[in-house]
Amino acid sequence: MPKYSLVGYDGSDAARRAFAFAMELARGCGGRVRVVSVLQVAEGGDTCALMMTDSGTQRMQELKDELAALDPDTARLVDIELTHGSPGDVLLSQVAQRGIDHIVIGHTERGALARWLVGSVSDNVLARAHVPVTVVR
């Protein structure tokens, strides 16, 4: 059974469902949940880096508050990280870096054109992960 599940979290309904699923699994298996929220930052030099740091601190507190409101066991069972990069790449790098043995991601319905233009994090993770992946609808 999974002991350390990773959830990619962007605040969407799909991400909230994935988080709820991972929390139930952690409680049932005696495991933990790692929630990673990825900030995608456009190029912009030092000013952009400063703004990202300021908004990152605020976003981290908002994320902690949001997760705690969703599940009272958050403080006991959840590790939270706010980072930047490409969501799929960040999630997959967490597996090796943090000893993740299971990934839980939410699925958002998009049309074929949207998937072609921006891709799908769930498709990317499913294609490249070397641990079990659960896609929550």
# chains A, B, ... in the order shown; residues from 1 in each chain; ligands from 1
call {"tool": "residues_around", "arguments": {"residues": "A:Asp101", "least_positions_apart": "4", "cutoff": "6 Å", "atoms": "only C-alpha atoms", "output": "count of residues only"}}
result
3
call {"tool": "closest_atom_pairs", "arguments": {"of": "stretch 55-119 of chain A", "to": "stretch 30-33 of chain A", "cutoff": "8 Å", "atoms": "only C-alpha atoms", "output": "tab-separated table"}}
result
residue	atom	partner	partner_atom	distance
A:Leu77	CA	A:Arg32	CA	5.0
A:Val78	CA	A:Val33	CA	4.8
A:Asp79	CA	A:Val33	CA	6.3
call {"tool": "write_last_selection", "arguments": {"atoms": "C-alpha atoms", "output": "mmCIF file, in the first residue's frame"}}
result
data_model
loop_
_atom_site.group_PDB
_atom_site.id
_atom_site.type_symbol
_atom_site.label_atom_id
_atom_site.label_comp_id
_atom_site.auth_asym_id
_atom_site.auth_seq_id
_atom_site.Cartn_x
_atom_site.Cartn_y
_atom_site.Cartn_z
ATOM 1 C CA LEU A 77 -0.526 14.103 7.513
ATOM 2 C CA VAL A 78 0.526 16.629 4.877
ATOM 3 C CA ASP A 79 3.810 18.091 3.682
#
call {"tool": "atom_distance", "arguments": {"atom1": "atom CA of A:Lys64", "atom2": "atom CA of A:His130"}}
result
28.4 Å
call {"tool": "atom_distance", "arguments": {"atom1": "atom CA of A:Val125", "atom2": "atom CA of A:Leu63"}}
result
22.5 Å
call {"tool": "select_by_dssp", "arguments": {"residues": "chain A", "states": "strand (DSSP E)", "output": "count of residues only"}}
result
29
call {"tool": "residues_around", "arguments": {"residues": "A:Gly8", "least_positions_apart": "4", "cutoff": "7 Å", "atoms": "only C-alpha atoms", "output": "ChimeraX atom specification"}}
result
/A:15,35-37,91,105
call {"tool": "write_last_selection", "arguments": {"atoms": "N, CA, C and O atoms", "output": "PDB file, in the first residue's frame"}}
result
ATOM      1  N   ALA A  15      -8.325  19.103  -8.440  1.00  0.00           N
ATOM      2  CA  ALA A  15      -7.236  19.002  -7.461  1.00  0.00           C
ATOM      3  C   ALA A  15      -7.782  18.755  -6.059  1.00  0.00           C
ATOM      4  O   ALA A  15      -7.201  17.983  -5.285  1.00  0.00           O
ATOM      5  N   VAL A  35       1.738  17.583  -0.886  1.00  0.00           N
ATOM      6  CA  VAL A  35       1.005  18.448  -1.802  1.00  0.00           C
ATOM      7  C   VAL A  35       2.003  19.417  -2.413  1.00  0.00           C
ATOM      8  O   VAL A  35       2.721  20.119  -1.693  1.00  0.00           O
ATOM      9  N   VAL A  36       2.043  19.440  -3.737  1.00  0.00           N
ATOM     10  CA  VAL A  36       2.928  20.354  -4.445  1.00  0.00           C
ATOM     11  C   VAL A  36       2.079  21.240  -5.338  1.00  0.00           C
ATOM     12  O   VAL A  36       1.278  20.760  -6.137  1.00  0.00           O
ATOM     13  N   SER A  37       2.270  22.532  -5.168  1.00  0.00           N
ATOM     14  CA  SER A  37       1.600  23.518  -6.009  1.00  0.00           C
ATOM     15  C   SER A  37       2.678  24.210  -6.826  1.00  0.00           C
ATOM     16  O   SER A  37       3.680  24.682  -6.276  1.00  0.00           O
ATOM     17  N   LEU A  91       6.309  17.444 -10.731  1.00  0.00           N
ATOM     18  CA  LEU A  91       5.722  16.282 -10.056  1.00  0.00           C
ATOM     19  C   LEU A  91       6.599  15.047 -10.214  1.00  0.00           C
ATOM     20  O   LEU A  91       6.846  14.330  -9.247  1.00  0.00           O
ATOM     21  N   ILE A 105      -3.485  12.593  -9.122  1.00  0.00           N
ATOM     22  CA  ILE A 105      -3.729  13.841  -9.835  1.00  0.00           C
ATOM     23  C   ILE A 105      -5.193  13.924 -10.238  1.00  0.00           C
ATOM     24  O   ILE A 105      -5.842  12.913 -10.467  1.00  0.00           O
TER      25      ILE A 105
END
call {"tool": "residues_around", "arguments": {"residues": "A:Ala14", "least_positions_apart": "5", "cutoff": "9 Å", "atoms": "only C-alpha atoms", "output": "ChimeraX atom specification"}}
result
/A:9,19,105-108,136-137
call {"tool": "write_last_selection", "arguments": {"atoms": "C-alpha atoms", "output": "CSV table (one decimal), in the first residue's frame"}}
result
chain,number,residue,atom,x,y,z
A,9,TYR,CA,-2.6,20.9,-6.4
A,19,PHE,CA,-6.4,15.8,-2.4
A,105,ILE,CA,-3.7,13.8,-9.8
A,106,GLY,CA,-7.0,15.4,-10.7
A,107,HIS,CA,-8.4,15.2,-14.2
A,108,THR,CA,-9.9,18.2,-15.8
A,136,VAL,CA,-9.3,11.2,-9.9
A,137,ARG,CA,-12.3,12.4,-11.9
call {"tool": "residues_around", "arguments": {"residues": "A:Asp71", "least_positions_apart": "5", "cutoff": "9 Å", "atoms": "only C-alpha atoms", "output": "number ranges by chain"}}
result
A: 20, 23, 66
call {"tool": "select_by_dssp", "arguments": {"residues": "stretch 20-108 of chain A", "states": "helix (DSSP H, G or I)", "output": "MDAnalysis selection string"}}
result
chainID A and resid 20:29 45:70 74:77 87:98
call {"tool": "closest_residue", "arguments": {"among": "A:Glu62, A:Phe21, A:Ser12, A:Leu92", "to": "A:Asn124", "atoms": "only C-alpha atoms"}}
result
A:Leu92
call {"tool": "closest_residue", "arguments": {"among": "A:Thr134, A:Ala22, A:Ile80, A:Leu6", "to": "A:Gln61", "atoms": "only C-alpha atoms"}}
result
A:Ile80
call {"tool": "atom_distance", "arguments": {"atom1": "atom CA of A:Val133", "atom2": "atom CA of A:Ile103"}}
result
4.7 Å
call {"tool": "decode", "arguments": {"residues": "stretch 6-40 of chain A", "atoms": "N, CA, C and O atoms", "output": "tab-separated table (two decimals), in the first residue's frame"}}
result
chain	number	residue	atom	x	y	z
A	6	LEU	N	1.80	11.70	-3.59
A	6	LEU	CA	2.03	13.06	-4.08
A	6	LEU	C	0.77	13.55	-4.78
A	6	LEU	O	0.19	12.85	-5.60
A	7	VAL	N	0.35	14.78	-4.44
A	7	VAL	CA	-0.79	15.40	-5.09
A	7	VAL	C	-0.34	16.71	-5.71
A	7	VAL	O	0.21	17.57	-5.03
A	8	GLY	N	-0.57	16.85	-7.02
A	8	GLY	CA	-0.36	18.13	-7.68
A	8	GLY	C	-1.60	18.97	-7.42
A	8	GLY	O	-2.72	18.54	-7.70
A	9	TYR	N	-1.41	20.17	-6.86
A	9	TYR	CA	-2.56	20.95	-6.42
A	9	TYR	C	-2.54	22.35	-7.02
A	9	TYR	O	-1.58	23.09	-6.85
A	10	ASP	N	-3.65	22.69	-7.70
A	10	ASP	CA	-3.76	24.03	-8.30
A	10	ASP	C	-5.02	24.76	-7.85
A	10	ASP	O	-5.36	25.81	-8.38
A	11	GLY	N	-5.72	24.21	-6.87
A	11	GLY	CA	-6.92	24.85	-6.36
A	11	GLY	C	-8.19	24.53	-7.11
A	11	GLY	O	-9.28	24.93	-6.71
A	12	SER	N	-8.10	23.78	-8.19
A	12	SER	CA	-9.27	23.43	-8.99
A	12	SER	C	-10.11	22.37	-8.28
A	12	SER	O	-9.67	21.73	-7.33
A	13	ASP	N	-11.33	22.18	-8.79
A	13	ASP	CA	-12.19	21.13	-8.25
A	13	ASP	C	-11.52	19.77	-8.38
A	13	ASP	O	-11.59	18.94	-7.47
A	14	ALA	N	-10.87	19.54	-9.51
A	14	ALA	CA	-10.19	18.26	-9.75
A	14	ALA	C	-9.07	18.06	-8.73
A	14	ALA	O	-8.88	16.96	-8.20
A	15	ALA	N	-8.32	19.10	-8.44
A	15	ALA	CA	-7.24	19.00	-7.46
A	15	ALA	C	-7.78	18.75	-6.06
A	15	ALA	O	-7.20	17.98	-5.29
A	16	ARG	N	-8.89	19.38	-5.72
A	16	ARG	CA	-9.51	19.16	-4.41
A	16	ARG	C	-9.97	17.71	-4.27
A	16	ARG	O	-9.83	17.09	-3.21
A	17	ARG	N	-10.53	17.15	-5.35
A	17	ARG	CA	-10.95	15.74	-5.31
A	17	ARG	C	-9.73	14.82	-5.16
A	17	ARG	O	-9.77	13.83	-4.42
A	18	ALA	N	-8.65	15.14	-5.86
A	18	ALA	CA	-7.42	14.34	-5.75
A	18	ALA	C	-6.87	14.40	-4.33
A	18	ALA	O	-6.44	13.39	-3.77
A	19	PHE	N	-6.88	15.59	-3.74
A	19	PHE	CA	-6.40	15.76	-2.37
A	19	PHE	C	-7.26	14.93	-1.40
A	19	PHE	O	-6.72	14.22	-0.53
A	20	ALA	N	-8.57	15.00	-1.54
A	20	ALA	CA	-9.47	14.24	-0.66
A	20	ALA	C	-9.20	12.74	-0.78
A	20	ALA	O	-9.15	12.02	0.23
A	21	PHE	N	-9.01	12.27	-2.02
A	21	PHE	CA	-8.72	10.85	-2.24
A	21	PHE	C	-7.40	10.46	-1.56
A	21	PHE	O	-7.32	9.44	-0.86
A	22	ALA	N	-6.37	11.27	-1.74
A	22	ALA	CA	-5.06	10.97	-1.16
A	22	ALA	C	-5.11	10.98	0.37
A	22	ALA	O	-4.46	10.16	1.02
A	23	MET	N	-5.91	11.88	0.94
A	23	MET	CA	-6.04	11.93	2.40
A	23	MET	C	-6.72	10.68	2.94
A	23	MET	O	-6.29	10.12	3.96
A	24	GLU	N	-7.77	10.23	2.28
A	24	GLU	CA	-8.44	9.00	2.71
A	24	GLU	C	-7.49	7.81	2.61
A	24	GLU	O	-7.45	6.95	3.50
A	25	LEU	N	-6.72	7.76	1.54
A	25	LEU	CA	-5.74	6.69	1.36
A	25	LEU	C	-4.68	6.74	2.46
A	25	LEU	O	-4.33	5.71	3.04
A	26	ALA	N	-4.20	7.91	2.78
A	26	ALA	CA	-3.18	8.06	3.82
A	26	ALA	C	-3.72	7.61	5.18
A	26	ALA	O	-3.03	6.90	5.93
A	27	ARG	N	-4.94	8.01	5.49
A	27	ARG	CA	-5.53	7.59	6.75
A	27	ARG	C	-5.68	6.07	6.80
A	27	ARG	O	-5.41	5.44	7.81
A	28	GLY	N	-6.12	5.47	5.71
A	28	GLY	CA	-6.35	4.04	5.66
A	28	GLY	C	-5.08	3.21	5.67
A	28	GLY	O	-5.07	2.08	6.16
A	29	CYS	N	-4.00	3.77	5.14
A	29	CYS	CA	-2.74	3.03	5.00
A	29	CYS	C	-1.67	3.45	6.00
A	29	CYS	O	-0.55	2.93	5.96
A	30	GLY	N	-1.98	4.44	6.82
A	30	GLY	CA	-0.97	4.95	7.74
A	30	GLY	C	0.13	5.70	7.01
A	30	GLY	O	1.28	5.69	7.45
A	31	GLY	N	-0.23	6.36	5.92
A	31	GLY	CA	0.77	7.07	5.12
A	31	GLY	C	0.71	8.57	5.30
A	31	GLY	O	0.10	9.09	6.23
A	32	ARG	N	1.38	9.25	4.39
A	32	ARG	CA	1.43	10.71	4.36
A	32	ARG	C	1.11	11.19	2.95
A	32	ARG	O	1.16	10.42	2.00
A	33	VAL	N	0.83	12.49	2.85
A	33	VAL	CA	0.53	13.12	1.57
A	33	VAL	C	1.47	14.30	1.39
A	33	VAL	O	1.67	15.09	2.32
A	34	ARG	N	2.04	14.40	0.22
A	34	ARG	CA	2.86	15.56	-0.15
A	34	ARG	C	2.07	16.33	-1.19
A	34	ARG	O	1.74	15.80	-2.25
A	35	VAL	N	1.74	17.58	-0.89
A	35	VAL	CA	1.01	18.45	-1.80
A	35	VAL	C	2.00	19.42	-2.41
A	35	VAL	O	2.72	20.12	-1.69
A	36	VAL	N	2.04	19.44	-3.74
A	36	VAL	CA	2.93	20.35	-4.45
A	36	VAL	C	2.08	21.24	-5.34
A	36	VAL	O	1.28	20.76	-6.14
A	37	SER	N	2.27	22.53	-5.17
A	37	SER	CA	1.60	23.52	-6.01
A	37	SER	C	2.68	24.21	-6.83
A	37	SER	O	3.68	24.68	-6.28
A	38	VAL	N	2.49	24.24	-8.13
A	38	VAL	CA	3.51	24.75	-9.04
A	38	VAL	C	3.11	26.12	-9.56
A	38	VAL	O	2.04	26.27	-10.15
A	39	LEU	N	3.97	27.10	-9.33
A	39	LEU	CA	3.79	28.42	-9.90
A	39	LEU	C	4.49	28.43	-11.25
A	39	LEU	O	5.67	28.09	-11.34
A	40	GLN	N	3.78	28.81	-12.28
A	40	GLN	CA	4.40	28.96	-13.59
A	40	GLN	C	4.70	30.43	-13.78
A	40	GLN	O	3.80	31.27	-13.74
